[in-house]
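Here the structure comes first, spelled out in structure tokens, and everything after it is commentary.
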Amino acid sequence: MSKEKVILAYSGGLDTSIMIKWIQEKYEADVITLTVDVGQGIDPKAVEEKALALGAVKHYSVDAKKEFVTNYIFPAIKANALYEEKYPLSSALSRPLIAAKMVEIAGKEGAKIVAHGCSGKGNDQVRFDVTVKALSPHLKVIAPVRDWQLTRDKEIEFAKEKNLPISLSKSKPYSIDQNLWGRSIECGELENPETEPPEEAFEWTLPPEKCPDTPEYITIEFEHGVPRAINDEVMDPVLLITKLNEIGGMHGIGRIDHIEDRIVGIKSREVYECPAATILLEAHKDLEKMVLTCQEIAFKRYVDYQWAFLVYAGLWVDPLRSDLEAFIDKTQLRVNGKVKLKLYKGNLRVVGRFSKYSLYDLKLATYDVGTTFDQSLARGFIELWGLQSKTFHSLRRVMEEGEKHEPFV
Ligand code: ARG
């Protein structure tokens with residue numbers, strides 16, 4: 001009888017590296033590793049060699065950068081997606097994509113089990129498990145770090161015992177997860193929410209002290225709510241995001257430090273570097289303010305909030321996401337135009353915007369001569385606008401100041 005096959009989402013890090021052998025032994029199974037490139041800056045060849053050296057019977061390497069940008073990052077931009085008003089969902093967006101690839105490879109290989117390296121304390125396990133189960137309910141998902149409560153020490157001990165070819169030299173103080181949309185830095189000193197993250201935690205962004213002394217201006221062009229050009233140069237989506245990470249990083253843009261509510265109930269201190277995301281979300285939101293009505297903007301805020309929550313909470317596959325996107329996409333038909341931004345020593349500011357769908361009407365807004373706004377209409381409007389507030393306070397006065405001095409509740 002042929003052995004069971006397990007498809008392991010493999011990053012090349014310690015957890016998933018020791019897991020190859022661990023799964024082989026505990027499940028008496030063959031392990032097939034899969035690495036999905038979402039712009040985390042890996043050398044796919046080196047990752048493959050490592051996986052095979054550690055005992056994987058086969059390795060798949062999938063370059064999903066373009067798909068990640070077009071099908072995951074672009075919808076996030078259209079939804080102005082920030083979880084708890086701070087986190088652009090960099091890790092959260094990548095998980096359903098990786099999970100879909102796991103399911104695809106499992107189908108191709110006829111495997112009944114897929115595995116990932118998440119612990120039981122985070123959001124990523126939820127994102128992987130929910131997506132896999134929704135796309136392929138017969139698949140079993142195993143997560144050795146969660147299921148056996150593996151710790152770093154136990155992993156190192158296991159690696160030594162089995163003589164695994166892993167360098168266990170000096171332990172890295174941080175746990176990193178990165179892709180085109182940002183870099184998450186966790187563990188070590190960062191777990192103390194009272195203290196500033198040490199400079200060594202940052203790799204993509206410069207501190208303001210080291211940024212250039214002259215500001216840089218950039219113009220981003222959007223079409224239907226997604227970016228298409230920087231400084232009038234139309235660019236491939238992956239290159240566009242990569243460039244903005246470089247430009248933003250050099251000017252210290254996109255450092256995020258906040259207290260985040262994980263779905264499993266834990267409050268955690270999270271630190272990120274997301275230069276491209278910070279720039280694009282700021283520019284996109286500004287352009288929407290030019291072209292959408294105040295009613296559309298007010299309603300879209302709720303829709304955007306719900307979209308970001310679903311994605312954070314591992315419910316990418318919930319039909320509500322695409323329901324919300326039907327509304328969002330309709331609004332984005334007019335989100336065409338250009339936004340000019342100024343980047344300077346960690347500071348990002350929109351300083352200009354243009355759109356042919358702009359609802360900004362200079363003739364209405366100007367304080368100079370030649371305005372088309374009829375000020376005589378304002379008096380009557382204000383009478384009606386404040387009518388109920390005025391009525392309320394009249395009643396309050398009658399009750400409080402009348403003979404009985406009734407308290408007004
Ligand atoms: N707190 C973020 C999130 O839940 C970042 C997670 C980073 N993941 C990781 N495996 N290090 O999306």
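Ordering of the structure tokens sets the chain letters (A, B, ...), residue numbers begin anew at 1 in every chain, and ligands are numbered from 1 in the order given.
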Residues within 10 Å of Thr70 of chain A, please, as an MDAnalysis selection string. Count only C-alpha atoms; anything in the same chain fewer than 4 positions from it doesn't count. chainID A and resid 65:66 74:76 226 237:238
Kindly save the residues from that selection, with N, CA, C and O atoms included, as an mmCIF file, in the first residue's frame.
```cif
data_model
loop_
_atom_site.group_PDB
_atom_site.id
_atom_site.type_symbol
_atom_site.label_atom_id
_atom_site.label_comp_id
_atom_site.auth_asym_id
_atom_site.auth_seq_id
_atom_site.Cartn_x
_atom_site.Cartn_y
_atom_site.Cartn_z
ATOM 1 N N LYS A 65 2.881 36.124 -7.140
ATOM 2 C CA LYS A 65 2.983 37.566 -6.858
ATOM 3 C C LYS A 65 1.921 38.379 -7.606
ATOM 4 O O LYS A 65 1.247 39.215 -7.046
ATOM 5 N N LYS A 66 1.807 38.083 -8.886
ATOM 6 C CA LYS A 66 0.858 38.854 -9.694
ATOM 7 C C LYS A 66 -0.588 38.622 -9.226
ATOM 8 O O LYS A 66 -1.383 39.546 -9.086
ATOM 9 N N PHE A 74 -5.419 44.529 -4.654
ATOM 10 C CA PHE A 74 -6.270 45.533 -5.314
ATOM 11 C C PHE A 74 -7.661 45.631 -4.675
ATOM 12 O O PHE A 74 -8.128 46.743 -4.384
ATOM 13 N N PRO A 75 -8.330 44.514 -4.399
ATOM 14 C CA PRO A 75 -9.613 44.651 -3.683
ATOM 15 C C PRO A 75 -9.450 45.338 -2.320
ATOM 16 O O PRO A 75 -10.327 46.088 -1.891
ATOM 17 N N ALA A 76 -8.301 45.095 -1.663
ATOM 18 C CA ALA A 76 -8.069 45.728 -0.355
ATOM 19 C C ALA A 76 -7.925 47.248 -0.508
ATOM 20 O O ALA A 76 -8.383 48.013 0.348
ATOM 21 N N VAL A 226 -7.911 51.297 -8.697
ATOM 22 C CA VAL A 226 -6.625 50.608 -8.508
ATOM 23 C C VAL A 226 -5.499 51.410 -9.163
ATOM 24 O O VAL A 226 -5.700 52.062 -10.187
ATOM 25 N N PRO A 237 1.636 45.728 -12.086
ATOM 26 C CA PRO A 237 1.195 45.860 -10.689
ATOM 27 C C PRO A 237 2.235 45.430 -9.645
ATOM 28 O O PRO A 237 2.381 46.085 -8.616
ATOM 29 N N VAL A 238 2.948 44.349 -9.916
ATOM 30 C CA VAL A 238 3.935 43.881 -8.929
ATOM 31 C C VAL A 238 5.070 44.903 -8.805
ATOM 32 O O VAL A 238 5.501 45.257 -7.703
#
```
Please return as a ChimeraX atom specification the residues found within 10 Å of ligand 1, counting only C-alpha atoms and all ligand atoms. /A:83,87-95,117-119,121-127,174-178,182-187,259-263,267-272,311-314
Serialized selection, N, CA and C atoms, as a short mmCIF file (atom, residue, chain, number, x, y, z; two decimals), in the first residue's frame:
```
data_model
loop_
_atom_site.label_atom_id
_atom_site.label_comp_id
_atom_site.auth_asym_id
_atom_site.auth_seq_id
_atom_site.Cartn_x
_atom_site.Cartn_y
_atom_site.Cartn_z
N TYR A 83 -7.45 47.11 9.26
CA TYR A 83 -8.08 46.52 10.43
C TYR A 83 -7.79 47.40 11.65
N TYR A 87 -3.98 48.42 10.57
CA TYR A 87 -3.23 47.32 9.95
C TYR A 87 -3.75 47.02 8.54
N PRO A 88 -2.88 47.17 7.53
CA PRO A 88 -3.34 46.97 6.14
C PRO A 88 -3.57 45.51 5.73
N LEU A 89 -3.52 44.58 6.69
CA LEU A 89 -3.88 43.18 6.42
C LEU A 89 -2.87 42.41 5.58
N SER A 90 -1.60 42.82 5.65
CA SER A 90 -0.61 42.16 4.79
C SER A 90 -0.59 40.64 4.95
N SER A 91 -0.43 40.14 6.16
CA SER A 91 -0.41 38.68 6.34
C SER A 91 -1.79 38.09 6.06
N ALA A 92 -2.82 38.77 6.54
CA ALA A 92 -4.19 38.26 6.43
C ALA A 92 -4.59 38.01 4.97
N LEU A 93 -4.15 38.89 4.07
CA LEU A 93 -4.53 38.75 2.66
C LEU A 93 -3.84 37.56 1.99
N SER A 94 -2.64 37.24 2.47
CA SER A 94 -1.89 36.18 1.79
C SER A 94 -2.38 34.78 2.13
N ARG A 95 -2.98 34.62 3.30
CA ARG A 95 -3.31 33.26 3.76
C ARG A 95 -4.35 32.55 2.89
N GLY A 117 2.27 25.63 9.48
CA GLY A 117 3.12 25.83 10.65
C GLY A 117 2.57 26.79 11.69
N CYS A 118 1.27 27.05 11.66
CA CYS A 118 0.72 28.04 12.59
C CYS A 118 0.57 27.49 14.00
N SER A 119 0.66 28.41 14.95
CA SER A 119 0.40 28.04 16.34
C SER A 119 -1.10 28.16 16.60
N LYS A 121 -2.39 30.19 18.70
CA LYS A 121 -2.68 31.47 19.36
C LYS A 121 -2.99 32.60 18.39
N GLY A 122 -2.77 32.35 17.10
CA GLY A 122 -2.88 33.45 16.16
C GLY A 122 -4.08 33.38 15.23
N ASN A 123 -4.10 34.30 14.30
CA ASN A 123 -5.18 34.37 13.31
C ASN A 123 -4.91 33.51 12.09
N ASP A 124 -3.63 33.27 11.81
CA ASP A 124 -3.29 32.58 10.56
C ASP A 124 -3.88 31.16 10.49
N GLN A 125 -3.89 30.46 11.63
CA GLN A 125 -4.47 29.11 11.66
C GLN A 125 -5.94 29.16 11.22
N VAL A 126 -6.64 30.20 11.66
CA VAL A 126 -8.06 30.32 11.33
C VAL A 126 -8.22 30.54 9.82
N ARG A 127 -7.37 31.43 9.29
CA ARG A 127 -7.44 31.75 7.86
C ARG A 127 -7.15 30.53 7.00
N TYR A 174 13.23 37.89 16.45
CA TYR A 174 11.88 38.22 16.00
C TYR A 174 11.27 37.15 15.11
N SER A 175 9.95 37.16 15.07
CA SER A 175 9.24 36.30 14.13
C SER A 175 8.70 37.22 13.03
N ILE A 176 9.09 36.91 11.81
CA ILE A 176 8.78 37.80 10.68
C ILE A 176 7.83 37.12 9.71
N ASP A 177 6.87 37.88 9.21
CA ASP A 177 6.08 37.39 8.08
C ASP A 177 5.97 38.54 7.09
N GLN A 178 6.41 38.31 5.87
CA GLN A 178 6.38 39.44 4.94
C GLN A 178 5.93 39.04 3.54
N GLY A 182 3.45 44.11 2.99
CA GLY A 182 4.00 44.58 4.26
C GLY A 182 4.79 43.53 5.01
N ARG A 183 5.36 43.98 6.11
CA ARG A 183 6.23 43.13 6.92
C ARG A 183 5.74 43.19 8.36
N SER A 184 5.47 42.01 8.93
CA SER A 184 5.02 41.95 10.32
C SER A 184 6.19 41.48 11.17
N ILE A 185 6.39 42.17 12.31
CA ILE A 185 7.50 41.82 13.20
C ILE A 185 6.90 41.53 14.58
N GLU A 186 7.17 40.34 15.09
CA GLU A 186 6.60 39.96 16.39
C GLU A 186 7.69 39.35 17.28
N CYS A 187 7.33 39.13 18.54
CA CYS A 187 8.16 38.44 19.55
C CYS A 187 9.26 39.31 20.14
N ILE A 259 -2.01 48.20 19.20
CA ILE A 259 -2.55 47.08 19.98
C ILE A 259 -3.68 46.49 19.15
N GLU A 260 -3.54 45.21 18.84
CA GLU A 260 -4.46 44.56 17.91
C GLU A 260 -5.27 43.48 18.62
N ASP A 261 -6.53 43.38 18.25
CA ASP A 261 -7.39 42.34 18.81
C ASP A 261 -7.42 41.15 17.89
N ARG A 262 -6.77 40.06 18.32
CA ARG A 262 -6.81 38.84 17.52
C ARG A 262 -8.19 38.19 17.65
N ILE A 263 -8.51 37.34 16.67
CA ILE A 263 -9.84 36.72 16.71
C ILE A 263 -9.97 35.79 17.90
N LYS A 267 -5.21 40.26 23.06
CA LYS A 267 -4.76 41.58 22.61
C LYS A 267 -3.25 41.47 22.42
N SER A 268 -2.74 41.91 21.29
CA SER A 268 -1.30 41.80 21.10
C SER A 268 -0.74 43.11 20.57
N ARG A 269 0.54 43.33 20.86
CA ARG A 269 1.22 44.51 20.35
C ARG A 269 1.82 44.11 19.00
N GLU A 270 1.40 44.78 17.96
CA GLU A 270 1.86 44.40 16.62
C GLU A 270 2.65 45.55 15.98
N VAL A 271 3.73 45.16 15.35
CA VAL A 271 4.58 46.15 14.68
C VAL A 271 4.70 45.75 13.20
N TYR A 272 4.52 46.73 12.33
CA TYR A 272 4.58 46.46 10.90
C TYR A 272 5.38 47.53 10.18
N VAL A 311 -11.82 39.81 6.28
CA VAL A 311 -10.52 39.34 5.82
C VAL A 311 -9.60 39.06 7.00
N TYR A 312 -9.63 39.95 7.97
CA TYR A 312 -8.80 39.73 9.17
C TYR A 312 -9.22 38.44 9.87
N ALA A 313 -10.52 38.25 9.95
CA ALA A 313 -11.06 37.16 10.74
C ALA A 313 -11.06 35.81 10.02
N GLY A 314 -10.40 35.74 8.89
CA GLY A 314 -10.26 34.45 8.22
C GLY A 314 -11.44 34.06 7.37
#
```
12 Å contact set for Glu104 of chain A, only C-alpha atoms, chain neighbours under 3 positions out, as a PyMOL selection string: chain A and resi 7+34+60+62+97-101+107-112+114+132+135-136+139
Give me every helix (DSSP H, G or I) residue in segment 173-320 of chain A, going by DSSP on the backbone, as number ranges by chain. A: 188-191, 199-201, 208-210, 237-250, 275-291, 294-312, 319-320
